[in-house]
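Each remark here refers to the structure printed beneath this line.
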Amino acid sequence: MHMSDALLSVAVGATMTAVSTGIIGTSIKKINKIELEEKKIPMMGVMGAFVFAAQMINFTIPGTGSSGHIGGGILLASLLGPYPSLITMASILLIQCLFFADGGLLALGSNIFNMGVITCLVAYPLIYKPIIKREMTPKRITIASILAVTIGLQLGSFAVVLETVASGVTELSFLTFLSFMQPIHLVIGLIEGAITATVLNFIYQMRREILDSALRKAPMKPVSLKRVLFIMVFATLITGGLLSAYASSSPDGLEWSIANVMGTTELENNTSVHNTLLNLQEKTAILPDYSIVNETGDPSPASTGIAGVLGGLFTLLMTVIAGVVLMYFKKRNAGRPVN
Amino acid sequence: MSNISNSLLQMNNIENMNQKNTVIHRMEPAVKLLITLMYLIVVISVNPYQVSRLIPYLFYPVIGIILAEISLRTMIKYLVIAMPFTLFTGISNLFLNREIAFPMANVVITQGMLSCCFVLLKSILTILAVVILTSTTSMDDLLYAMIHFKVPIIIVTQIMFTYRYIGVIAEEASIMYHGYILRAPKAKAIKAKDMGPFLGQLIIRSFDRAERIYQAMKCRGFEGYVSFSGKKGISGKGWFYVVITAGILIALRLVNISILLGKLFM
Amino acid sequence: MIVIDKLSVQYSDGKQVLHQVSCRVNDGESVGIIGANGAGKSTLLKSFVGLLMPSQGRIEIHGVEVNQKNVRKIREMVGVVFQNPDDQLFMSNVYDDIAFGPRNYGMTEEWVKQRIYHMFHAFGIEHLEKSHSNKLSGGEKRIVAIATALVMEPSILLFDEPTSFLDPRMRRRLIELLKELEMTKIIATHDLDMALELCDRVIILKEGSIYAEGQAKDILTNETLLLEAGLELPYCLQKCMDIGKV
């Protein structure tokens, strides 16, 4: 589930960008220090391309008429190890946002966190790896894949809900949104988990050394995991702090939203305004009557609102006209030889 | 048909678009990247419900699309792909918040309507900004712009490799897919139970390819670090564009042109 | 000069691919390595540049032994053109791809630029400078791949199946191009017609050992020998003989 720019507020977008940048920075340091043999550089790139291609391949979902594709996070982590897979995932997400309009440029931080950090640095080392590490058998691979993918996706969709609600662009309540997102992602997770399991089992049979090398060459020390968790907790605190600061500076509910429509927070007599609005609505009168001015001389929300609509439409019109004029000149110039 | 070819076609379209030679195409990539980021930040910073404040920002994509000669059809295709979730959020807002924002003529404008318009408009603006950037700037130029802005080389290298091999691996996947579909004529897509061997096979091939690429790199002296050519800074003219755009964006953010214009009529 | 002395190579899974191979390649010579699939052609090429290390025996190139320590020096002297140009061209534009080797060897950007423009000019591919490898045709990819190896001014060039993926016209252009290159060339190939045209000498590998070695015109016209090695006469010769019979 890609977050788009439109669903994010600057506060949430910026925090998530900071968090993901921090985690990626730490991962790069880790990679440079211990983990990365130079062979992994082309390997990561090609596997990134593989995940891309894999996402283009549809499969039929048994029992339904529909088809879907895999996300590939756990698959990537189990082939490359946690840090390289995170870097690869981040590259994939950037290309998706640039060339396929999947998620936005400023939402990249969120998407890297929701789909990269959570799968590669949480679900993989905490769920997949401990199960596989003791003994690698087809059965364990299956259990580990299904659990890791499902839990990873649950956490990821939970993060999407949190970020969207915190951004304040949806009118859905937190719980409604959650109760909508989690079950869907449970189903998606189970299916993707099962597919991931069959893919990994196939590789286990054909070329076991690929899975072994990912496990061996990705020493995930408990210290580093702690650090990642620390960054996450720290980030959450900052996000919480920023958001509550942001929220407390804004008035509540209707007041707040009207204030936003007007672009001002000065609204002392809001109840009376509200009543007036209701009365006006019942009367269903015509336009000029709404130009109500209060004591301070500020126009009422109604007049500002209408001014907004009218002006907005006018701006739109001007934009279109400007576009047409520009196009005209462009065409005319195109006819001329360029010296 | 499979969406492998669709996706490749889409990438190809964008690549063809950024081969053009227009004013926008000729702008320095780092400048374009910077302007796009500024635009996105400013647009995103507009608070919910302030639809009127968002409208003036339409100028940017309109001017961009026309100057860069981007086909409207491509743009619309993009929007259609990218919009479903935002559309859902927007429309749900319509029903969930019926509080009255303000009445107008015989209609009552609810906050739900405002936030619906807001979400949709915002997503159109943000998507178009990114599409304008990518359809006027080649991946190669974007990579160099990233290096200019100090994005770690390992990330740039990864993006470069991934982008380079999407086509190659997808081509292999496409051949396998056709091989599968030809032998399973009734199947609409690959059966879930066959996905294991299918993707598994593709992974093994990708691994072997990565091995060969690595050997080719070693043969040319690769020592763990991919080097790029010297950095090109932003020119004076480039900074001029950046400052002007920044000025306009900030002015639009501070002054609500829509409301100002609207007042003229009232 | 390349001297191979009782070379044996083993894969990490223990499979023996080359046994006791000994031969010599003189400077400026052009040598074809032919043999059925799995005969060890690619393995032999890879061991020249230390991508695979000998389990026994040794290889010397211009008096430098191929081993872990010398491998960087060896790769500066020996250029390799791989079978699939997609594996060899990985950077985001043609210029950077050709510059990859020289930059890794610490050449200055100025030197790199000069060399690359020289290559562009020599091959007539100036217009490809900024192109992404995705956008090149099969033939263009092959030529750029050769340029990536040539830019280092190697004294020896190794080719693995240079004519694969090429249409007949492009194949012809490539052969003419290879004829003009004056350095030592070692070409592993199934394209026996090309081997006959390009190579002074031919080595036939069979199951990891040298089965026959000699002048191209002797080896490639000896039908019995070729059939025994799992090969056949070059098609042009088959055709000539058919005509001769009539």
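All residue names refer to the structure tokens as shown: chains lettered A, B, ... in order, residues numbered from 1 in each chain, ligands numbered from 1 in order.
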
Show me, as CSV, the residues of chain A having an atom within 12 Å of chain C, each with the closest atom pair and its distance in Å, using only C-alpha atoms.
residue,atom,partner,partner_atom,distance
A:Ile41,CA,C:Phe90,CA,11.6
A:Pro42,CA,C:Phe90,CA,8.9
A:Gly45,CA,C:Phe90,CA,10.0
A:Val46,CA,C:Phe90,CA,10.2
A:Glu209,CA,C:Asp13,CA,11.1

Counting only C-alpha atoms, which residues of chain B fall within 6 Å of chain A, and what is the closest atom pair for each with its distance in Å at one decimal, ordered by chain and rising number, as CSV?
residue,atom,partner,partner_atom,distance
B:Asn3,CA,A:Met56,CA,5.8
B:Ile4,CA,A:Met56,CA,5.0
B:Ile44,CA,A:Val10,CA,6.0
B:Ser45,CA,A:Val10,CA,5.4
B:Tyr49,CA,A:Val261,CA,5.7
B:Gln50,CA,A:Val261,CA,4.9
B:Ser52,CA,A:Gly308,CA,5.1
B:Ile55,CA,A:Gly312,CA,5.9
B:Phe59,CA,A:Thr319,CA,5.7
B:Ala82,CA,A:Ala101,CA,5.7
B:Asn93,CA,A:Glu171,CA,5.1
B:Phe102,CA,A:Ala302,CA,4.9
B:Ala105,CA,A:Ile286,CA,4.9
B:Asn106,CA,A:Thr284,CA,5.5
B:Lys122,CA,A:Ala6,CA,5.2
B:Ser123,CA,A:Ala6,CA,4.5
B:Gln158,CA,A:Gly45,CA,5.1
B:Ile159,CA,A:Ser91,CA,5.0
B:Phe161,CA,A:Gly45,CA,4.6
B:Thr162,CA,A:Gly45,CA,4.5
B:Tyr165,CA,A:Ala49,CA,5.5
B:Ile166,CA,A:Ala49,CA,4.4
B:Ala170,CA,A:Ala53,CA,4.8
B:Ala189,CA,A:Phe59,CA,5.0
B:Ile190,CA,A:Phe59,CA,4.4
B:Lys191,CA,A:Thr60,CA,5.2
B:Ala192,CA,A:Phe59,CA,5.6
B:Gly196,CA,A:Val199,CA,3.8
B:Pro197,CA,A:Phe202,CA,5.9
B:Gly200,CA,A:Val199,CA,5.0
B:Ala210,CA,A:Met43,CA,5.0
B:Gly224,CA,A:Glu38,CA,4.7
B:Ser258,CA,A:Gly311,CA,4.0
B:Ile259,CA,A:Gly308,CA,4.5
B:Leu261,CA,A:Gly311,CA,4.9
B:Gly262,CA,A:Gly311,CA,3.6
B:Lys263,CA,A:Ala307,CA,5.5

Take the residues from that selection and write them out as a CSV table (one decimal), in the first residue's frame, keeping N, CA and C atoms.
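Below is the file that was written, selection.csv:
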chain,number,residue,atom,x,y,z
B,3,ASN,N,0.4,-7.6,-17.3
B,3,ASN,CA,0.8,-6.2,-17.2
B,3,ASN,C,2.3,-6.0,-17.3
B,4,ILE,N,3.0,-7.0,-17.6
B,4,ILE,CA,4.5,-6.8,-17.8
B,4,ILE,C,4.7,-5.9,-18.9
B,44,ILE,N,1.9,20.6,-0.2
B,44,ILE,CA,1.5,19.7,0.8
B,44,ILE,C,1.2,20.5,2.1
B,45,SER,N,1.9,21.6,2.2
B,45,SER,CA,1.7,22.4,3.5
B,45,SER,C,0.4,23.1,3.6
B,49,TYR,N,-9.0,21.5,3.8
B,49,TYR,CA,-10.2,22.3,3.5
B,49,TYR,C,-9.9,23.6,2.7
B,50,GLN,N,-8.6,24.0,2.7
B,50,GLN,CA,-8.3,25.2,2.0
B,50,GLN,C,-8.2,25.0,0.5
B,52,SER,N,-9.4,26.7,-1.9
B,52,SER,CA,-9.2,27.9,-2.7
B,52,SER,C,-7.7,28.2,-2.8
B,55,ILE,N,-5.9,26.0,-5.6
B,55,ILE,CA,-6.2,26.2,-7.0
B,55,ILE,C,-5.1,26.9,-7.8
B,59,PHE,N,-1.3,26.4,-11.9
B,59,PHE,CA,-0.5,27.1,-12.9
B,59,PHE,C,0.8,26.3,-13.3
B,82,ALA,N,-2.8,6.3,-10.5
B,82,ALA,CA,-2.3,6.7,-9.2
B,82,ALA,C,-3.5,7.1,-8.2
B,93,ASN,N,-14.8,11.1,2.5
B,93,ASN,CA,-14.9,12.3,3.2
B,93,ASN,C,-16.3,13.0,2.9
B,102,PHE,N,-20.1,26.4,4.6
B,102,PHE,CA,-20.8,27.7,4.3
B,102,PHE,C,-21.8,27.5,3.3
B,105,ALA,N,-25.4,30.3,-2.7
B,105,ALA,CA,-26.6,30.3,-3.5
B,105,ALA,C,-27.6,29.3,-2.9
B,106,ASN,N,-28.1,28.3,-3.7
B,106,ASN,CA,-29.0,27.4,-3.2
B,106,ASN,C,-28.4,26.2,-2.6
B,122,LYS,N,-5.2,18.1,-4.4
B,122,LYS,CA,-3.8,17.9,-3.9
B,122,LYS,C,-3.1,16.8,-4.6
B,123,SER,N,-3.9,15.7,-4.8
B,123,SER,CA,-3.2,14.5,-5.3
B,123,SER,C,-2.9,14.8,-6.8
B,158,GLN,N,22.4,1.7,-6.6
B,158,GLN,CA,21.3,0.7,-6.6
B,158,GLN,C,20.2,1.1,-7.5
B,159,ILE,N,19.9,2.4,-7.5
B,159,ILE,CA,18.8,2.9,-8.3
B,159,ILE,C,19.2,2.7,-9.8
B,161,PHE,N,21.4,0.4,-11.0
B,161,PHE,CA,21.3,-1.0,-11.4
B,161,PHE,C,19.9,-1.5,-11.6
B,162,THR,N,19.1,-1.1,-10.6
B,162,THR,CA,17.7,-1.6,-10.6
B,162,THR,C,17.0,-1.1,-11.9
B,165,TYR,N,18.2,-2.9,-15.0
B,165,TYR,CA,17.9,-4.3,-15.3
B,165,TYR,C,16.4,-4.6,-15.2
B,166,ILE,N,15.5,-3.6,-14.9
B,166,ILE,CA,14.1,-3.9,-14.9
B,166,ILE,C,13.7,-4.4,-16.2
B,170,ALA,N,12.4,-8.1,-16.7
B,170,ALA,CA,11.0,-8.2,-17.1
B,170,ALA,C,10.9,-8.9,-18.4
B,189,ALA,N,-4.2,-15.8,-15.5
B,189,ALA,CA,-2.9,-15.4,-15.0
B,189,ALA,C,-2.2,-16.7,-14.5
B,190,ILE,N,-1.1,-16.5,-13.9
B,190,ILE,CA,-0.4,-17.7,-13.4
B,190,ILE,C,-1.1,-18.2,-12.2
B,191,LYS,N,-1.3,-19.6,-12.1
B,191,LYS,CA,-2.0,-20.1,-10.9
B,191,LYS,C,-1.1,-19.9,-9.7
B,192,ALA,N,-1.8,-19.7,-8.6
B,192,ALA,CA,-1.0,-19.4,-7.4
B,192,ALA,C,0.0,-20.6,-7.1
B,196,GLY,N,5.5,-20.4,-7.2
B,196,GLY,CA,6.7,-20.8,-6.6
B,196,GLY,C,7.8,-21.1,-7.6
B,197,PRO,N,7.6,-22.1,-8.4
B,197,PRO,CA,8.6,-22.4,-9.4
B,197,PRO,C,8.8,-21.2,-10.4
B,200,GLY,N,10.6,-18.5,-8.5
B,200,GLY,CA,11.9,-19.2,-8.1
B,200,GLY,C,12.9,-19.2,-9.2
B,210,ALA,N,23.4,-11.6,-12.0
B,210,ALA,CA,24.2,-10.7,-11.1
B,210,ALA,C,25.6,-11.2,-11.0
B,224,GLY,N,34.6,-2.4,-5.5
B,224,GLY,CA,33.6,-2.2,-4.5
B,224,GLY,C,33.0,-0.8,-4.5
B,258,SER,N,-7.1,33.3,-4.8
B,258,SER,CA,-8.5,33.0,-5.1
B,258,SER,C,-9.4,33.9,-4.4
B,259,ILE,N,-9.2,34.0,-3.0
B,259,ILE,CA,-10.1,34.8,-2.2
B,259,ILE,C,-10.0,36.3,-2.6
B,261,LEU,N,-9.3,37.5,-5.6
B,261,LEU,CA,-10.0,37.6,-6.8
B,261,LEU,C,-11.5,37.5,-6.6
B,262,GLY,N,-11.9,36.6,-5.8
B,262,GLY,CA,-13.3,36.4,-5.5
B,262,GLY,C,-13.9,37.6,-4.9
B,263,LYS,N,-13.2,38.3,-4.1
B,263,LYS,CA,-13.7,39.5,-3.4
B,263,LYS,C,-14.1,40.6,-4.5

Chain B contacts on chain C, only C-alpha atoms, 7 Å, as an MDAnalysis selection string: chainID C and resid 51 72 75 80 87:88 90:93 96 101 103:105 134

Å distance separating CA of Ile143 (chain C) from CA of Tyr117 (chain C), one decimal place: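 Interatomic distance, CA of Ile143 (chain C) to CA of Tyr117 (chain C): 14.3 Å.
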
Length of the CA of Glu65 (chain C) to CA of Pro102 (chain C) vector [Å]: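 Between these atoms lies a distance of 22.5 Å.
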
DSSP strand (DSSP E) residues within region 49-101 of chain C, as a PyMOL selection string: chain C and resi 56-61+64-65+78-81

Surrounding residues of Pro61 (chain B) excluding itself and chain neighbours under 5 positions, 9 Å, only C-alpha atoms, as a PyMOL selection string: chain B and resi 66+125+128-129+132

Given the selection you just returned, output its residues as a file containing C-alpha atoms, formatted as an mmCIF file, in the first residue's frame.
data_model
loop_
_atom_site.group_PDB
_atom_site.id
_atom_site.type_symbol
_atom_site.label_atom_id
_atom_site.label_comp_id
_atom_site.auth_asym_id
_atom_site.auth_seq_id
_atom_site.Cartn_x
_atom_site.Cartn_y
_atom_site.Cartn_z
ATOM 1 C CA ILE B 66 2.575 22.840 -22.251
ATOM 2 C CA LEU B 125 -1.051 18.561 -8.227
ATOM 3 C CA LEU B 128 1.596 15.968 -12.017
ATOM 4 C CA ALA B 129 4.616 17.668 -10.479
ATOM 5 C CA ILE B 132 6.609 16.590 -15.208
#

Arg172 (chain C) surroundings by only C-alpha atoms, 10 Å radius, close-in-sequence under 6 positions cut, as a ChimeraX atom specification: /C:163,166,178,194

Kindly save the residues from that selection, with N, CA and C atoms included, as a CSV table (one decimal), in the first residue's frame.
chain,number,residue,atom,x,y,z
C,163,THR,N,29.6,-13.2,-31.9
C,163,THR,CA,28.6,-13.0,-32.9
C,163,THR,C,27.2,-13.4,-32.4
C,166,LEU,N,23.5,-11.3,-32.9
C,166,LEU,CA,23.7,-10.3,-34.0
C,166,LEU,C,23.0,-10.8,-35.3
C,178,LEU,N,36.8,-6.7,-36.1
C,178,LEU,CA,37.7,-7.5,-35.3
C,178,LEU,C,39.0,-7.7,-36.2
C,194,MET,N,33.1,-18.0,-38.7
C,194,MET,CA,33.9,-16.8,-38.3
C,194,MET,C,35.3,-17.2,-37.9

CA of Pro56 (chain B) to CA of Arg253 (chain B), straight-line distance in Å: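 Straight-line distance from CA of Arg253 (chain B) to CA of Pro56 (chain B) works out to 9.4 Å.
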
Find the residues around Phe240 (chain B) up to 12 Å (only C-alpha atoms counted), leave out those fewer than 5 positions away in its own chain, and share them as an mmCIF file with C-alpha atoms, in the first residue's frame.
data_model
loop_
_atom_site.group_PDB
_atom_site.id
_atom_site.type_symbol
_atom_site.label_atom_id
_atom_site.label_comp_id
_atom_site.auth_asym_id
_atom_site.auth_seq_id
_atom_site.Cartn_x
_atom_site.Cartn_y
_atom_site.Cartn_z
ATOM 1 C CA MET B 27 16.814 23.015 -17.692
ATOM 2 C CA GLU B 28 19.483 21.685 -15.354
ATOM 3 C CA VAL B 31 17.325 22.725 -10.671
ATOM 4 C CA ILE B 35 11.939 23.106 -7.871
ATOM 5 C CA ILE B 234 23.973 24.494 -10.408
ATOM 6 C CA SER B 235 24.796 27.480 -12.622
ATOM 7 C CA THR B 245 10.114 29.828 -8.450
ATOM 8 C CA ALA B 246 10.625 29.827 -4.712
ATOM 9 C CA GLY B 247 9.435 33.446 -4.597
#

Residue neighbourhood Leu45 (chain C), 10 Å, only C-alpha atoms, exclusion window fewer than 6 positions, as a PyMOL selection string: chain C and resi 33+51-52+80+82+158-160+186-188

Expected file: the selected residues, N, CA and C atoms, as a PDB file, in the first residue's frame:
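Once everything was written out, this is out-v4.pdb:
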ATOM      1  N   ILE C  33      38.991 -20.626 -29.891  1.00  0.00           N
ATOM      2  CA  ILE C  33      38.805 -21.774 -29.017  1.00  0.00           C
ATOM      3  C   ILE C  33      37.435 -22.334 -29.336  1.00  0.00           C
ATOM      4  N   LEU C  51      39.178 -14.885 -13.111  1.00  0.00           N
ATOM      5  CA  LEU C  51      37.826 -15.022 -12.567  1.00  0.00           C
ATOM      6  C   LEU C  51      37.673 -16.416 -11.977  1.00  0.00           C
ATOM      7  N   LEU C  52      38.457 -17.348 -12.510  1.00  0.00           N
ATOM      8  CA  LEU C  52      38.577 -18.675 -11.917  1.00  0.00           C
ATOM      9  C   LEU C  52      40.066 -18.912 -11.733  1.00  0.00           C
ATOM     10  N   VAL C  80      38.117  -8.133 -21.692  1.00  0.00           N
ATOM     11  CA  VAL C  80      37.192  -9.234 -21.941  1.00  0.00           C
ATOM     12  C   VAL C  80      35.882  -8.690 -22.500  1.00  0.00           C
ATOM     13  N   PHE C  82      32.200 -10.005 -22.946  1.00  0.00           N
ATOM     14  CA  PHE C  82      31.367 -11.140 -22.551  1.00  0.00           C
ATOM     15  C   PHE C  82      30.322 -11.471 -23.589  1.00  0.00           C
ATOM     16  N   LEU C 158      39.867 -10.828 -25.074  1.00  0.00           N
ATOM     17  CA  LEU C 158      39.179 -12.117 -25.058  1.00  0.00           C
ATOM     18  C   LEU C 158      37.727 -11.908 -25.472  1.00  0.00           C
ATOM     19  N   PHE C 159      37.237 -12.767 -26.329  1.00  0.00           N
ATOM     20  CA  PHE C 159      35.836 -12.660 -26.754  1.00  0.00           C
ATOM     21  C   PHE C 159      35.111 -13.953 -26.437  1.00  0.00           C
ATOM     22  N   ASP C 160      33.943 -13.836 -25.811  1.00  0.00           N
ATOM     23  CA  ASP C 160      33.109 -15.015 -25.603  1.00  0.00           C
ATOM     24  C   ASP C 160      31.907 -14.898 -26.529  1.00  0.00           C
ATOM     25  N   ILE C 186      41.723 -13.710 -28.524  1.00  0.00           N
ATOM     26  CA  ILE C 186      41.352 -15.089 -28.261  1.00  0.00           C
ATOM     27  C   ILE C 186      39.835 -15.151 -28.277  1.00  0.00           C
ATOM     28  N   ILE C 187      39.321 -15.974 -29.169  1.00  0.00           N
ATOM     29  CA  ILE C 187      37.879 -15.952 -29.408  1.00  0.00           C
ATOM     30  C   ILE C 187      37.285 -17.331 -29.123  1.00  0.00           C
ATOM     31  N   ALA C 188      36.429 -17.415 -28.116  1.00  0.00           N
ATOM     32  CA  ALA C 188      35.730 -18.675 -27.853  1.00  0.00           C
ATOM     33  C   ALA C 188      34.413 -18.620 -28.592  1.00  0.00           C
TER      34      ALA C 188
END

10 Å contact set for region 5-22 of chain C, only C-alpha atoms, chain neighbours under 2 positions out, as a list in words: Ile2, Val3, Arg24, Gly38, Ala39, Gly40, Lys41, Thr43, Leu44, Ser47, Leu52, Met53, Pro54, Ser55, Gln56, Gly57, Arg58, Ile59, Glu60, Leu205, Lys206, Glu207, Gly208, Ser209, Ile210 and Tyr211 of chain C

Keeping only C-alpha atoms, write the selected residues as a compact mmCIF listing (two decimals), in the first residue's frame.
# COMPACT_ATOMS: atom_id res chain seq x y z
CA ILE C 2 50.47 -16.16 -23.02
CA VAL C 3 51.84 -19.39 -21.64
CA ARG C 24 50.90 -20.86 -25.97
CA GLY C 38 30.47 -27.86 -21.74
CA ALA C 39 33.90 -28.47 -23.26
CA GLY C 40 35.41 -25.72 -21.08
CA LYS C 41 35.70 -22.77 -23.46
CA THR C 43 36.15 -21.59 -18.19
CA LEU C 44 39.41 -21.25 -20.07
CA SER C 47 40.91 -18.35 -16.00
CA LEU C 52 38.58 -18.68 -11.92
CA MET C 53 41.87 -19.61 -10.32
CA PRO C 54 43.85 -22.71 -11.34
CA SER C 55 43.64 -25.67 -9.01
CA GLN C 56 46.84 -26.92 -10.61
CA GLY C 57 49.29 -25.57 -13.17
CA ARG C 58 49.76 -21.95 -14.10
CA ILE C 59 49.03 -19.22 -16.61
CA GLU C 60 51.51 -16.50 -17.44
CA LEU C 205 38.58 -28.43 -26.45
CA LYS C 206 36.85 -31.66 -25.60
CA GLU C 207 35.71 -32.52 -22.09
CA GLY C 208 38.12 -30.07 -20.55
CA SER C 209 41.27 -31.06 -22.42
CA ILE C 210 42.90 -29.91 -25.63
CA TYR C 211 41.76 -32.32 -28.29

Helix (DSSP H, G or I) call set, DSSP backbone run, region 121-186 of chain C, as a ChimeraX atom specification: /C:121-123,126-128,133-135,138-150,168-180
